[in-house]
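**Q** After the structure tokens below, expect a handful of questions from me.
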Amino acid sequence: MRLGYDFFQRDVLTVAPALLGAYLVRVYNNQKLVCKIVETEAYRGPEDKGCHAYRNKRTKRTEALFLPGGHAYIYMIYGMYYMLNIVTAQQDQPQAVLIRAAEPREGIETMRNLSGHTGNFERLLSGPGKLCRALAIDRTFNGYNLVEGTELFIELGETVPENQIVHSKRINIDYAEEYKDKLWRYYLSDNPCVSRIDNK
DNA sequence: TCTACGATTTACT
DNA sequence: GTAAATCGTAGAA
């Protein structure tokens, strides 16, 4: 069952942990690529100094963050990687969940070919840049409707017990001052596919 | 226009 | 532990 607007149009701090265990589906050349989300981070503008839309900063890049929950926000980082975010809450509330890592489920060979990854299965989607590469997600999906679209969407997946969800500090946002210490990163404990397990 | 740099990954000392 | 790859965007000039 696909997740709908009612799921995404809630506060990002509710949606980010709720996405753990859900299935991210990418239909690429008529082939279904499926993976289970195991790591997310919440970005909560306008208050969040780590969020691109801090203080409601509205630019060409951040425009998609202001869409209603259920759309995608994609941007390029370091000149070579795309990041996949799920916009949450109501229109004009710039919040999004960064999908940081997932566990491959279907179409693994295609994912390997797309990413050129030769390592082991657990590392194929273990990072936001790698995940986008292996699923052929680029900026054409910026602003994409994940509720009604057919090439990229999210399905109800496995139910995750509360006690398996680890809360930690977000990665690589040292510029965010007091917000860098917020425990807005969520991942499944003991899952070998998360990007890293250190850090609090 | 011009410049600096990032919600990363990988390889290397 | 540190550094390089690589480019669109934001903010300054």
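Convention: chains lettered A, B, ... in structure tokens order; per-chain residue numbering from 1; ligands numbered from 1 as shown.
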Using only C-alpha atoms, find each residue in segment 64-137 of chain A having at least one atom no more than 6 Å away from segment 169-193 of chain A; report its shortest atom-to-atom pair and that distance in Å (one decimal), rows by chain then rising number, as JSON lines.
**A**
{"residue": "A:Glu103", "atom": "CA", "partner": "A:Cys193", "partner_atom": "CA", "distance": 5.8}
{"residue": "A:Glu122", "atom": "CA", "partner": "A:Cys193", "partner_atom": "CA", "distance": 4.9}
{"residue": "A:Ser126", "atom": "CA", "partner": "A:Cys193", "partner_atom": "CA", "distance": 5.2}
**Q** Just to be explicit: take each residue in the selection above, keep N, CA, C and O atoms, and write the result as an mmCIF file, in the first residue's frame.
**A**
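Written file, result-v1.cif:
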data_model
loop_
_atom_site.group_PDB
_atom_site.id
_atom_site.type_symbol
_atom_site.label_atom_id
_atom_site.label_comp_id
_atom_site.auth_asym_id
_atom_site.auth_seq_id
_atom_site.Cartn_x
_atom_site.Cartn_y
_atom_site.Cartn_z
ATOM 1 N N GLU A 103 18.127 -0.481 2.693
ATOM 2 C CA GLU A 103 18.547 -1.870 2.505
ATOM 3 C C GLU A 103 17.989 -2.369 1.189
ATOM 4 O O GLU A 103 16.774 -2.358 0.995
ATOM 5 N N GLU A 122 25.451 -4.797 1.673
ATOM 6 C CA GLU A 122 25.059 -3.881 2.754
ATOM 7 C C GLU A 122 25.498 -2.442 2.492
ATOM 8 O O GLU A 122 24.913 -1.500 3.004
ATOM 9 N N SER A 126 24.205 2.648 1.452
ATOM 10 C CA SER A 126 24.521 3.110 2.804
ATOM 11 C C SER A 126 25.052 4.541 2.831
ATOM 12 O O SER A 126 26.148 4.794 3.323
#
**Q** If the cut-off is 12 Å, can you tell me the residues of chain C near chain A, counting only C-alpha atoms (C1' of nucleotides)? I'd like them as a CSV table (one decimal) with C-alpha atoms (C1' of nucleotides), in the first residue's frame.
**A**
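Saved result, iface_4.csv, follows:
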chain,number,residue,atom,x,y,z
C,4,DA,C1',40.7,15.3,-3.5
C,5,DA,C1',37.1,15.1,-6.8
C,6,DT,C1',33.7,18.6,-8.9
C,7,DC,C1',29.8,22.2,-9.9
C,8,DG,C1',25.3,24.6,-8.9
C,9,DT,C1',24.0,27.9,-5.8
C,10,DA,C1',24.0,31.9,-2.8
C,11,DG,C1',25.8,36.0,-1.6
**Q** Can you tell me, as a VMD selection string, what residues are no more than 9 Å from Gly21 of chain A when counting only C-alpha atoms (C1' of nucleotides), ignoring any on the same chain fewer than 6 positions away?
**A** chain A and resid 36 to 38 102 156 to 160 188
**Q** Within 10 Å of chain A, which residues belong to chain B? Use only C-alpha atoms (C1' of nucleotides) and report them as a list in words.
**A** DC5, DG6, DA7, DT8 and DT9 of chain B
**Q** Could you please write out, as JSON, numbers by chain, every residue of segment 15-54 of chain A that DSSP assigns to helix (DSSP H, G or I)?
**A** {"A": [15, 16, 17, 18, 54]}
**Q** Residues within 8 Å of Val87 of chain A, please, as number ranges by chain. Count only C-alpha atoms (C1' of nucleotides); anything in the same chain fewer than 3 positions from it doesn't count.
**A** A: 8, 64-73, 94-97
**Q** Report the residues of segment 47-179 of chain A whose backbone DSSP state falls under strand (DSSP E or B), written as a PyMOL selection string.
**A** chain A and resi 71-77+81-87+95-106+145+152-155+165-168
**Q** Using only C-alpha atoms, which of the listed residues (A:Glu47, A:Ile74, A:Ala53, A:Asp11) sits closest to Arg139 of chain A?
**A** A:Ile74
**Q** Can you measure atom CA of Ser115 of chain A to atom CA of Gln31 of chain A for me? One decimal in Å is fine.
**A**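 So the two atoms, atom CA of Ser115 of chain A and atom CA of Gln31 of chain A, lie 15.9 Å apart.
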